[in-house]
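S.K.: Below you'll find the structure I mean.
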Amino acid sequence: MPYSIQLIRKNDQTTNEWSGGFTTELAIYPQEANYIERNFKWRMSSALVEIEESVFTLLPDINRLIMVIDGEITLQHEGHHHVHLKPYEQDRFSGGWTTRSFGKVRDFNLMMSEGCIGNIEAMTVERGSYHEIANLNNRGVRQMAEAFYCINGPVHITIDDLEEIVIEEGDLILLHSEQLETSIPIKLFNRAQVEANVIRASVIF
């Protein structure tokens, strides 16, 4: 099989306290990498910011993407741009910038070392419907990671038309592939009576 699938349940994730709240590490690559040592290629996490004003940790040579899940936040990047984010809006910036945040939020974070290319997007799957991911392949590139983080569910996911995997709130499913020759069909089904929300994160590295 030219790819691997990893299901990371909410109860298996590690949460640590920081000066402004709590951070939960969802996935890191390589798996033996350590955030403190800054030896990762990429890292996905979700943070809970519980104070009105904070200063982000400086992360030189790390590119960052942040998407708000709950609440609103203003980010001021000293000498660069500033932005106000509402739920499911995002900002891309350098971890080496001095960044101040204003507002209490829950967010999704993607951190990438130099050489990585990544994106995040919010997906809504209406009740009783499904969402198909089109043309997932990385022919001619290096390695790719695709992650789906469940904000609220349950969401039923099929990858390559194989067995369904069900993810609940806080769960993450991670697909890792190397130079696929054909696309992998991915479908997200919502069989509940309320809409489901998922964050999709993609990294080429």
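Each chain in the structure tokens gets a letter, A, B and so on, in the order shown; residues start at 1 in every chain, and ligands are counted from 1 in the order they appear.
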Which neighbours of stretch 74-85 of chain A fall inside 7 Å, counting only C-alpha atoms, when residues of the same chain fewer than 5 positions from it are skipped, and could you give them as a PyMOL selection string?
M.R.: chain A and resi 68+90+97-103
S.K.: Tell me which protein, DNA and RNA residues are within 9 Å of A:Asp107, counting only C-alpha atoms, leaving out same-chain ones fewer than 3 positions away, and put them as a list in words.
M.R.: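 Counting only C-alpha atoms, the residues come to Ser45, Ser46, Ala47, Leu48, Val49, Ile66, Met67, Val68, Ile69, Asp70, Gly71, Pro87 and Tyr88 of chain A.
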S.K.: Go ahead and save the residues from that selection, with N, CA, C and O atoms, as an mmCIF file, in the first residue's frame.
M.R.:
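Contents of the output file out_18.cif:
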```cif
data_model
loop_
_atom_site.group_PDB
_atom_site.id
_atom_site.type_symbol
_atom_site.label_atom_id
_atom_site.label_comp_id
_atom_site.auth_asym_id
_atom_site.auth_seq_id
_atom_site.Cartn_x
_atom_site.Cartn_y
_atom_site.Cartn_z
ATOM 1 N N SER A 45 -1.691 21.102 15.919
ATOM 2 C CA SER A 45 -2.125 21.198 17.313
ATOM 3 C C SER A 45 -3.392 22.038 17.401
ATOM 4 O O SER A 45 -3.787 22.699 16.437
ATOM 5 N N SER A 46 -4.018 21.992 18.557
ATOM 6 C CA SER A 46 -5.170 22.841 18.846
ATOM 7 C C SER A 46 -4.931 23.505 20.190
ATOM 8 O O SER A 46 -4.596 22.828 21.171
ATOM 9 N N ALA A 47 -5.067 24.821 20.229
ATOM 10 C CA ALA A 47 -4.777 25.572 21.449
ATOM 11 C C ALA A 47 -6.038 26.229 21.993
ATOM 12 O O ALA A 47 -6.924 26.641 21.235
ATOM 13 N N LEU A 48 -6.087 26.318 23.306
ATOM 14 C CA LEU A 48 -7.134 27.060 23.998
ATOM 15 C C LEU A 48 -6.480 28.264 24.656
ATOM 16 O O LEU A 48 -5.644 28.115 25.542
ATOM 17 N N VAL A 49 -6.825 29.462 24.166
ATOM 18 C CA VAL A 49 -6.261 30.702 24.698
ATOM 19 C C VAL A 49 -7.241 31.274 25.705
ATOM 20 O O VAL A 49 -8.370 31.637 25.359
ATOM 21 N N ILE A 66 -2.815 29.485 11.289
ATOM 22 C CA ILE A 66 -3.746 29.397 12.418
ATOM 23 C C ILE A 66 -5.158 29.614 11.903
ATOM 24 O O ILE A 66 -5.408 30.550 11.136
ATOM 25 N N MET A 67 -6.070 28.751 12.356
ATOM 26 C CA MET A 67 -7.485 28.914 12.049
ATOM 27 C C MET A 67 -8.266 28.933 13.363
ATOM 28 O O MET A 67 -8.061 28.072 14.226
ATOM 29 N N VAL A 68 -9.155 29.903 13.506
ATOM 30 C CA VAL A 68 -9.981 29.991 14.699
ATOM 31 C C VAL A 68 -11.118 28.972 14.613
ATOM 32 O O VAL A 68 -11.750 28.821 13.566
ATOM 33 N N ILE A 69 -11.360 28.282 15.714
ATOM 34 C CA ILE A 69 -12.490 27.354 15.802
ATOM 35 C C ILE A 69 -13.644 28.006 16.556
ATOM 36 O O ILE A 69 -14.776 28.026 16.077
ATOM 37 N N ASP A 70 -13.356 28.534 17.744
ATOM 38 C CA ASP A 70 -14.359 29.236 18.557
ATOM 39 C C ASP A 70 -13.788 30.570 19.009
ATOM 40 O O ASP A 70 -12.606 30.654 19.342
ATOM 41 N N GLY A 71 -14.636 31.608 19.074
ATOM 42 C CA GLY A 71 -14.213 32.915 19.530
ATOM 43 C C GLY A 71 -13.670 33.769 18.396
ATOM 44 O O GLY A 71 -13.805 33.433 17.219
ATOM 45 N N PRO A 87 -14.496 32.665 13.563
ATOM 46 C CA PRO A 87 -14.457 31.210 13.368
ATOM 47 C C PRO A 87 -14.282 30.794 11.914
ATOM 48 O O PRO A 87 -14.941 31.312 11.017
ATOM 49 N N TYR A 88 -13.307 29.911 11.715
ATOM 50 C CA TYR A 88 -12.946 29.293 10.439
ATOM 51 C C TYR A 88 -12.254 30.256 9.475
ATOM 52 O O TYR A 88 -12.097 29.946 8.299
#
```
S.K.: Nearest residue to A:Asp160 out of A:Leu174, A:Ile62, A:Ile184, A:Ala145, using only C-alpha atoms?
M.R.: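 Among the listed residues, A:Ile184 lies closest to A:Asp160.
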S.K.: So which bits of stretch 91-175 of chain A end up strand (DSSP E) when you DSSP the backbone, as an MDAnalysis selection string?
M.R.: chainID A and resid 91:94 99:102 105:113 117:125 130:133 143:152 155:159 165:167 172:175
S.K.: Could you turn the residues from that selection into a file that holds N, CA and C atoms, as a compact mmCIF listing (two decimals), in the first residue's frame?
M.R.:
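In the end it all went to result35.txt:
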```txt
# COMPACT_ATOMS: atom_id res chain seq x y z
N ASP A 91 -4.92 32.72 9.25
CA ASP A 91 -3.81 33.63 8.97
C ASP A 91 -2.56 32.80 8.77
N ARG A 92 -1.72 33.26 7.85
CA ARG A 92 -0.43 32.61 7.56
C ARG A 92 0.68 33.60 7.89
N PHE A 93 1.69 33.16 8.65
CA PHE A 93 2.75 34.08 9.06
C PHE A 93 4.00 33.31 9.46
N SER A 94 5.07 34.04 9.65
CA SER A 94 6.34 33.44 10.06
C SER A 94 6.41 33.35 11.58
N THR A 99 4.68 38.36 17.44
CA THR A 99 3.24 38.35 17.25
C THR A 99 2.52 38.45 18.58
N ARG A 100 1.61 39.43 18.65
CA ARG A 100 0.75 39.58 19.82
C ARG A 100 -0.67 39.19 19.43
N SER A 101 -1.34 38.52 20.36
CA SER A 101 -2.73 38.12 20.11
C SER A 101 -3.63 38.76 21.15
N PHE A 102 -4.84 39.08 20.70
CA PHE A 102 -5.84 39.70 21.58
C PHE A 102 -7.15 38.96 21.39
N VAL A 105 -9.76 32.32 22.46
CA VAL A 105 -10.22 31.47 21.36
C VAL A 105 -9.80 30.02 21.58
N ARG A 106 -10.40 29.16 20.78
CA ARG A 106 -9.87 27.82 20.52
C ARG A 106 -9.47 27.80 19.06
N ASP A 107 -8.29 27.30 18.76
CA ASP A 107 -7.81 27.38 17.38
C ASP A 107 -7.15 26.08 16.92
N PHE A 108 -6.87 26.03 15.64
CA PHE A 108 -6.13 24.92 15.02
C PHE A 108 -4.85 25.50 14.45
N ASN A 109 -3.73 24.83 14.70
CA ASN A 109 -2.42 25.32 14.29
C ASN A 109 -1.69 24.31 13.41
N LEU A 110 -1.09 24.81 12.35
CA LEU A 110 -0.19 24.01 11.53
C LEU A 110 1.15 24.72 11.49
N MET A 111 2.20 24.06 11.98
CA MET A 111 3.56 24.60 11.97
C MET A 111 4.40 23.78 11.00
N MET A 112 5.20 24.45 10.20
CA MET A 112 6.01 23.76 9.18
C MET A 112 7.42 24.32 9.14
N SER A 113 8.39 23.42 9.03
CA SER A 113 9.77 23.86 8.87
C SER A 113 10.00 24.31 7.44
N ILE A 117 5.28 22.83 2.37
CA ILE A 117 4.19 23.62 1.81
C ILE A 117 2.89 23.09 2.39
N GLY A 118 2.07 23.95 2.97
CA GLY A 118 0.86 23.46 3.61
C GLY A 118 -0.33 24.38 3.46
N ASN A 119 -1.51 23.81 3.69
CA ASN A 119 -2.77 24.55 3.66
C ASN A 119 -3.73 23.96 4.68
N ILE A 120 -4.66 24.78 5.14
CA ILE A 120 -5.75 24.29 5.96
C ILE A 120 -7.05 24.88 5.43
N GLU A 121 -8.13 24.13 5.59
CA GLU A 121 -9.44 24.61 5.17
C GLU A 121 -10.51 24.03 6.07
N ALA A 122 -11.57 24.79 6.25
CA ALA A 122 -12.72 24.33 7.02
C ALA A 122 -13.73 23.71 6.08
N MET A 123 -14.29 22.57 6.47
CA MET A 123 -15.25 21.87 5.65
C MET A 123 -16.52 21.63 6.46
N THR A 124 -17.66 21.94 5.86
CA THR A 124 -18.95 21.66 6.48
C THR A 124 -19.62 20.54 5.69
N VAL A 125 -20.04 19.49 6.39
CA VAL A 125 -20.76 18.39 5.77
C VAL A 125 -22.20 18.44 6.29
N TYR A 130 -22.68 13.96 1.94
CA TYR A 130 -21.27 13.61 2.01
C TYR A 130 -20.46 14.61 1.21
N HIS A 131 -19.16 14.64 1.50
CA HIS A 131 -18.23 15.54 0.84
C HIS A 131 -17.10 14.69 0.27
N GLU A 132 -16.83 14.84 -1.01
CA GLU A 132 -15.78 14.06 -1.64
C GLU A 132 -14.56 14.92 -1.90
N ILE A 133 -13.39 14.40 -1.51
CA ILE A 133 -12.13 15.10 -1.75
C ILE A 133 -11.64 14.69 -3.13
N GLN A 143 6.81 13.85 -0.14
CA GLN A 143 5.84 13.17 0.72
C GLN A 143 4.67 14.10 0.98
N MET A 144 3.52 13.51 1.27
CA MET A 144 2.34 14.30 1.56
C MET A 144 1.63 13.75 2.80
N ALA A 145 1.13 14.66 3.62
CA ALA A 145 0.28 14.30 4.75
C ALA A 145 -1.06 15.00 4.57
N GLU A 146 -2.13 14.25 4.75
CA GLU A 146 -3.49 14.80 4.74
C GLU A 146 -4.12 14.46 6.07
N ALA A 147 -4.66 15.47 6.74
CA ALA A 147 -5.28 15.23 8.04
C ALA A 147 -6.70 15.80 8.06
N PHE A 148 -7.57 15.11 8.78
CA PHE A 148 -8.95 15.56 8.96
C PHE A 148 -9.24 15.57 10.46
N TYR A 149 -9.50 16.77 10.99
CA TYR A 149 -9.71 16.98 12.42
C TYR A 149 -11.18 17.28 12.65
N CYS A 150 -11.83 16.47 13.45
CA CYS A 150 -13.28 16.59 13.67
C CYS A 150 -13.59 17.64 14.73
N ILE A 151 -14.28 18.69 14.32
CA ILE A 151 -14.73 19.72 15.27
C ILE A 151 -16.00 19.25 15.95
N ASN A 152 -16.95 18.79 15.18
CA ASN A 152 -18.13 18.14 15.73
C ASN A 152 -18.62 17.09 14.73
N VAL A 155 -18.35 11.87 12.04
CA VAL A 155 -18.14 11.88 10.60
C VAL A 155 -17.60 10.51 10.21
N HIS A 156 -18.18 9.94 9.16
CA HIS A 156 -17.73 8.65 8.64
C HIS A 156 -16.83 8.92 7.43
N ILE A 157 -15.62 8.36 7.44
CA ILE A 157 -14.65 8.61 6.38
C ILE A 157 -14.27 7.30 5.70
N THR A 158 -14.28 7.31 4.37
CA THR A 158 -13.72 6.19 3.62
C THR A 158 -12.53 6.70 2.83
N ILE A 159 -11.46 5.92 2.82
CA ILE A 159 -10.24 6.25 2.10
C ILE A 159 -9.98 5.12 1.10
N ILE A 165 -14.16 4.62 8.58
CA ILE A 165 -13.61 5.00 9.88
C ILE A 165 -14.48 6.12 10.43
N VAL A 166 -14.89 6.01 11.67
CA VAL A 166 -15.75 7.01 12.28
C VAL A 166 -14.93 7.87 13.23
N ILE A 167 -14.96 9.19 13.03
CA ILE A 167 -14.27 10.10 13.94
C ILE A 167 -15.29 10.96 14.66
N LEU A 172 -8.54 12.89 15.14
CA LEU A 172 -7.85 13.26 13.91
C LEU A 172 -7.45 12.01 13.16
N ILE A 173 -7.68 12.01 11.85
CA ILE A 173 -7.22 10.92 11.00
C ILE A 173 -6.15 11.47 10.06
N LEU A 174 -5.03 10.73 9.96
CA LEU A 174 -3.86 11.21 9.23
C LEU A 174 -3.50 10.21 8.14
N LEU A 175 -3.36 10.72 6.93
CA LEU A 175 -2.96 9.92 5.77
C LEU A 175 -1.59 10.39 5.32
```
S.K.: Could you tell me how far atom CA of A:Val203 sits from atom CA of A:Asn11, in Å to one decimal place?
M.R.: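 Atom CA of A:Val203 lies at a distance of 24.2 Å from atom CA of A:Asn11.
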S.K.: Between A:Ala201, A:Ile51, A:Ile73, A:Val194, which one has atoms that come closest to A:Gly20, using only C-alpha atoms?
M.R.: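 That would be A:Ile51, the residue with the smallest distance to A:Gly20.
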S.K.: For A:Glu52, which of A:Arg9, A:Lys104, A:Lys86, A:Arg38 is the closest residue, counting only C-alpha atoms?
M.R.: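 For A:Glu52, the nearest of the candidates is A:Lys104.
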S.K.: Figure out the distance between atom CA of A:Ser129 and atom CA of A:Phe189, please, to one decimal in Å.
M.R.: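 These atoms are spaced 6.1 Å apart.
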S.K.: Please compute the atom CA of A:Phe56-atom CA of A:Trp18 distance, one decimal, in Å.
M.R.: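 Spanning atom CA of A:Phe56 to atom CA of A:Trp18 is a straight-line distance of 10.8 Å.
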